[in-house]
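Working notes, structure below.
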Amino acid sequence: MKIRSVFSAAILAVAATFASTQALAQDTITLRLAETWGPNFPIFGETTKNFAKSVEAMSNGRLKIRIDSANKHKAPLGVFDMVKAGQYDMGHSASYYWKGKVPETLFFTSMPFGMDAIEQYAWFYHGGGMELMQEVYEPHNLLSFPGGNTGVQMGGWFRKEIKSLDDLKGLKMRIPGFAGEVFAEVGVNPTNIAPGELYTALERNTIDAVEWVGPALDLRLGFQQIADYYYTGWHEPATELQFLINKDVWNKLPADLQEIMRVAMRTSSYNMLVLSQHENAKAWATIKKDYPNVQIKQFPKDVFQAMYNANKKLLKETAASNEQAARIIKSQEDYLAQSRAYTDISLRAYLNTMATVE
């Protein structure tokens, strides 16, 4: 009788363990993420991998992220539509890619002559940026979160030196977002091309110039082998990627998993900014050493002024015709004015002072 009781207790314990394991397995959630980038794409792709790793670790395996790169889903610039339609639960891309569908989305990547990365993050999290971004994505049943920052992007690779505004007339250039519209105002023919096609387009003269990101990613794509002139940036001073999430999927997640997602997205975004700085510094050292043909250039003052004036004109026209865009533009301009006043007496003053010593 005693042996039978012990045996029964053991069976019950095993059954309880099995039931617990089954329940845990049933509670495991896997979200499918489509990214604009190719497999193992540096920095950008590392951001999604870090995000997935953090989510799984913090949730003790309850939540997993399956990443499909562009080679898998075959639609690098179709992430918005796929997440909206529920083909994927979430995505990783850049908001300004959707300006043709929802023009107001472009404000949440980076704006010409706008905020730097620290200023922009402050605007997102403390200056009303997140609320405005959600207002734009709400009608599409989507949530958007900051997804990693490149810092100041370079102004692009050019086959020929830009000495005047006339050199921009008819120039075919890959440059997305609002900057493409600004360039169009001064005579450039802007186009947007998926990352995997950029080198071939430049090599075959489909385009005359290409703007991508900065030394770390540009070096890997080989632009320095084709174009000699590398221009400093103005158009994307704080390029923010995004995590897109289908709102129905988000609402089904328990509150603790939602918070884990928020934390993982925010930390992976910070990590991308830091990694971008590190990798760009290394890559620029390599370019200087191995490709002495590359010349760093700034756009001539008259070209820069013309672009600045075109940007102001376009913002004014956009604000006049679109009430929602007007509120976003005002929010960004007001926040920049306040934040830049401090940046001028802190970071800029420090860098200027350092430039005077040997």
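Quick note on naming: the chains in the structure tokens go A, B, ... in the order shown, residues restart at 1 in each chain, and ligands are numbered from 1 in order of appearance.
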
What's the 9 Å shell around region 261-263 of chain A, counting only C-alpha atoms, without same-chain residues fewer than 2 positions away, as an MDAnalysis selection string? chainID A and resid 51 54:55 145 256:259 265:268

Members of region 233-323 of chain A assigned alpha helix (DSSP H) by DSSP, as number ranges by chain: A: 247-252, 255-290, 301-321, 323

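Shortest separation to Met173 (chain A) among A:Asn189, A:Ser269, A:Ser95, A:Thr105 occurs at residue A:Asn189, atoms counted being only C-alpha atoms.
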
Enumerate, in order of chain and increasing residue number, the residues of region 241-279 of chain A with an atom no farther than 10 Å from region 204-220 of chain A, each with its shortest atom pair and distance in Å to one decimal, counting only C-alpha atoms, as a tab-separated table.
```
residue	atom	partner	partner_atom	distance
A:Leu275	CA	A:Ala216	CA	9.9
A:Ser276	CA	A:Ala216	CA	7.5
A:Gln277	CA	A:Ala216	CA	9.0
A:His278	CA	A:Ala216	CA	8.9
A:Glu279	CA	A:Ala216	CA	5.4
```

Just the selected residues (N, CA and C atoms), exported as a PDB file, in the first residue's frame, please.
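Result written to part-v2.pdb:
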```pdb
ATOM      1  N   LEU A 275      27.008  51.822 -32.047  1.00  0.00           N
ATOM      2  CA  LEU A 275      27.723  50.986 -33.006  1.00  0.00           C
ATOM      3  C   LEU A 275      28.013  51.751 -34.292  1.00  0.00           C
ATOM      4  N   SER A 276      27.076  52.591 -34.720  1.00  0.00           N
ATOM      5  CA  SER A 276      27.289  53.392 -35.925  1.00  0.00           C
ATOM      6  C   SER A 276      28.497  54.305 -35.759  1.00  0.00           C
ATOM      7  N   GLN A 277      28.601  54.959 -34.622  1.00  0.00           N
ATOM      8  CA  GLN A 277      29.742  55.829 -34.359  1.00  0.00           C
ATOM      9  C   GLN A 277      31.043  55.036 -34.411  1.00  0.00           C
ATOM     10  N   HIS A 278      31.061  53.887 -33.764  1.00  0.00           N
ATOM     11  CA  HIS A 278      32.257  53.054 -33.703  1.00  0.00           C
ATOM     12  C   HIS A 278      32.676  52.567 -35.093  1.00  0.00           C
ATOM     13  N   GLU A 279      31.744  52.013 -35.825  1.00  0.00           N
ATOM     14  CA  GLU A 279      32.059  51.431 -37.128  1.00  0.00           C
ATOM     15  C   GLU A 279      32.391  52.493 -38.169  1.00  0.00           C
TER      16      GLU A 279
END
```

Surrounding residues of Phe41 (chain A) excluding itself and chain neighbours under 3 positions, 12 Å, only C-alpha atoms, as a VMD selection string: chain A and resid 35 to 38 44 to 49 69 to 71 195 to 196 216 to 217 220 to 221

Nearest residue to Leu165 (chain A) out of A:Leu77, A:Ala341, A:Ile67, A:Ala184, using only C-alpha atoms? A:Ala184

At a cut-off of 12 Å, can you tabulate as a Markdown table every residue of region 202-255 of chain A near region 133-138 of chain A together with its closest atom pair and the distance in Å to one decimal, using only C-alpha atoms and ordering rows by chain then number?
```
| residue | atom | partner | partner_atom | distance |
| --- | --- | --- | --- | --- |
| A:Gln242 | CA | A:Met133 | CA | 10.9 |
| A:Phe243 | CA | A:Tyr137 | CA | 12.0 |
| A:Leu244 | CA | A:Tyr137 | CA | 9.3 |
| A:Ile245 | CA | A:Tyr137 | CA | 10.1 |
| A:Asn246 | CA | A:Tyr137 | CA | 10.2 |
| A:Lys247 | CA | A:Glu138 | CA | 8.5 |
| A:Asp248 | CA | A:Glu138 | CA | 11.5 |
```

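Of note, CA of Asp89 (chain A) and CA of Pro42 (chain A) are spaced 23.0 Å apart.
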
Applying 10 Å and only C-alpha atoms, which residues near Gln332 (chain A) remain after dropping the ones on its own chain fewer than 2 positions away? List them as a list in words.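 Non-adjacent residues within range: Phe107, Phe108, Met111, Gly114, Met115, Glu119, Gln120, Trp123, Phe124, Gly127, Gly128, Gly129, Ala326, Arg327, Ile328, Ile329, Lys330, Asp334, Tyr335, Leu336 and Ala337 of chain A.
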
Which one is closest to Leu132 (chain A): A:Met307, A:Glu56, A:Asn280, A:Gln324? Count only C-alpha atoms.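 Of the candidates, the smallest distance to Leu132 (chain A) is held by A:Gln324.
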
Where in region 34-68 of chain A does DSSP assign strand (DSSP E or B), given as an mmCIF file with all heavy atoms, in the first residue's frame?
```
data_model
loop_
_atom_site.group_PDB
_atom_site.id
_atom_site.type_symbol
_atom_site.label_atom_id
_atom_site.label_comp_id
_atom_site.auth_asym_id
_atom_site.auth_seq_id
_atom_site.Cartn_x
_atom_site.Cartn_y
_atom_site.Cartn_z
ATOM 1 N N ALA A 34 9.630 41.331 -40.733
ATOM 2 C CA ALA A 34 10.193 41.529 -42.073
ATOM 3 C C ALA A 34 11.082 42.771 -42.047
ATOM 4 O O ALA A 34 10.643 43.836 -41.614
ATOM 5 C CB ALA A 34 9.084 41.714 -43.103
ATOM 6 N N GLU A 35 12.319 42.632 -42.487
ATOM 7 C CA GLU A 35 13.212 43.783 -42.515
ATOM 8 C C GLU A 35 13.541 44.168 -43.957
ATOM 9 O O GLU A 35 13.553 43.328 -44.856
ATOM 10 C CB GLU A 35 14.490 43.512 -41.722
ATOM 11 C CG GLU A 35 15.324 42.354 -42.210
ATOM 12 C CD GLU A 35 16.554 42.120 -41.326
ATOM 13 O OE1 GLU A 35 16.772 42.861 -40.358
ATOM 14 O OE2 GLU A 35 17.311 41.172 -41.624
ATOM 15 N N LEU A 63 8.539 34.831 -25.557
ATOM 16 C CA LEU A 63 8.336 35.592 -26.789
ATOM 17 C C LEU A 63 9.579 35.473 -27.661
ATOM 18 O O LEU A 63 10.692 35.751 -27.216
ATOM 19 C CB LEU A 63 8.066 37.068 -26.463
ATOM 20 C CG LEU A 63 7.792 38.002 -27.646
ATOM 21 C CD1 LEU A 63 6.582 37.531 -28.447
ATOM 22 C CD2 LEU A 63 7.565 39.436 -27.158
ATOM 23 N N LYS A 64 9.374 35.071 -28.895
ATOM 24 C CA LYS A 64 10.465 34.910 -29.848
ATOM 25 C C LYS A 64 10.168 35.748 -31.089
ATOM 26 O O LYS A 64 8.999 35.946 -31.450
ATOM 27 C CB LYS A 64 10.645 33.442 -30.241
ATOM 28 C CG LYS A 64 10.976 32.504 -29.069
ATOM 29 C CD LYS A 64 11.075 31.064 -29.554
ATOM 30 C CE LYS A 64 11.256 30.105 -28.380
ATOM 31 N NZ LYS A 64 12.568 30.274 -27.738
ATOM 32 N N ILE A 65 11.223 36.213 -31.731
ATOM 33 C CA ILE A 65 11.089 37.005 -32.957
ATOM 34 C C ILE A 65 11.769 36.252 -34.090
ATOM 35 O O ILE A 65 12.957 35.926 -34.000
ATOM 36 C CB ILE A 65 11.749 38.393 -32.805
ATOM 37 C CG1 ILE A 65 11.250 39.116 -31.549
ATOM 38 C CG2 ILE A 65 11.501 39.227 -34.065
ATOM 39 C CD1 ILE A 65 9.795 39.476 -31.556
ATOM 40 N N ARG A 66 11.028 35.946 -35.140
ATOM 41 C CA ARG A 66 11.604 35.315 -36.336
ATOM 42 C C ARG A 66 11.821 36.398 -37.384
ATOM 43 O O ARG A 66 10.880 37.071 -37.807
ATOM 44 C CB ARG A 66 10.669 34.251 -36.900
ATOM 45 C CG ARG A 66 11.327 33.376 -37.973
ATOM 46 C CD ARG A 66 10.299 32.538 -38.709
ATOM 47 N NE ARG A 66 9.661 33.303 -39.779
ATOM 48 C CZ ARG A 66 8.590 32.871 -40.470
ATOM 49 N NH1 ARG A 66 8.041 31.726 -40.172
ATOM 50 N NH2 ARG A 66 8.074 33.620 -41.430
ATOM 51 N N ILE A 67 13.069 36.577 -37.784
ATOM 52 C CA ILE A 67 13.429 37.648 -38.711
ATOM 53 C C ILE A 67 13.517 37.109 -40.136
ATOM 54 O O ILE A 67 14.248 36.157 -40.402
ATOM 55 C CB ILE A 67 14.780 38.277 -38.316
ATOM 56 C CG1 ILE A 67 14.711 38.845 -36.889
ATOM 57 C CG2 ILE A 67 15.179 39.362 -39.310
ATOM 58 C CD1 ILE A 67 16.063 39.238 -36.326
ATOM 59 N N ASP A 68 12.773 37.719 -41.041
ATOM 60 C CA ASP A 68 12.883 37.426 -42.469
ATOM 61 C C ASP A 68 13.509 38.630 -43.162
ATOM 62 O O ASP A 68 12.948 39.738 -43.139
ATOM 63 C CB ASP A 68 11.511 37.139 -43.082
ATOM 64 C CG ASP A 68 11.017 35.729 -42.773
ATOM 65 O OD1 ASP A 68 11.761 34.969 -42.121
ATOM 66 O OD2 ASP A 68 9.881 35.406 -43.161
#
```

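Pairwise distance (CA of Ile118 (chain A), CA of Ala238 (chain A)) equals 8.2 Å.
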
Between A:Thr200, A:Ser144, A:Thr353, A:Thr232, which has the minimum distance to Phe299 (chain A) (counting only C-alpha atoms)?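 Looking only at the distances to Phe299 (chain A), the closest residue turns out to be A:Thr232.
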
Tell me, as a VMD selection string, which residues lie within 9 Å of Glu161 (chain A), counting only C-alpha atoms; anything in the same chain fewer than 6 positions away does not count. chain A and resid 167 228 to 229 297

Calculated over only C-alpha atoms, which of the candidates A:Gln225, A:Thr191, A:Asn60, A:Thr356 has the smallest distance to Pro292 (chain A)?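 Ranking A:Gln225, A:Thr191, A:Asn60, A:Thr356 by distance to Pro292 (chain A), first place goes to A:Gln225.
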
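For the atom pair formed by CA of Leu198 (chain A) and CA of Gln298 (chain A), the distance is 22.4 Å, given to one decimal.
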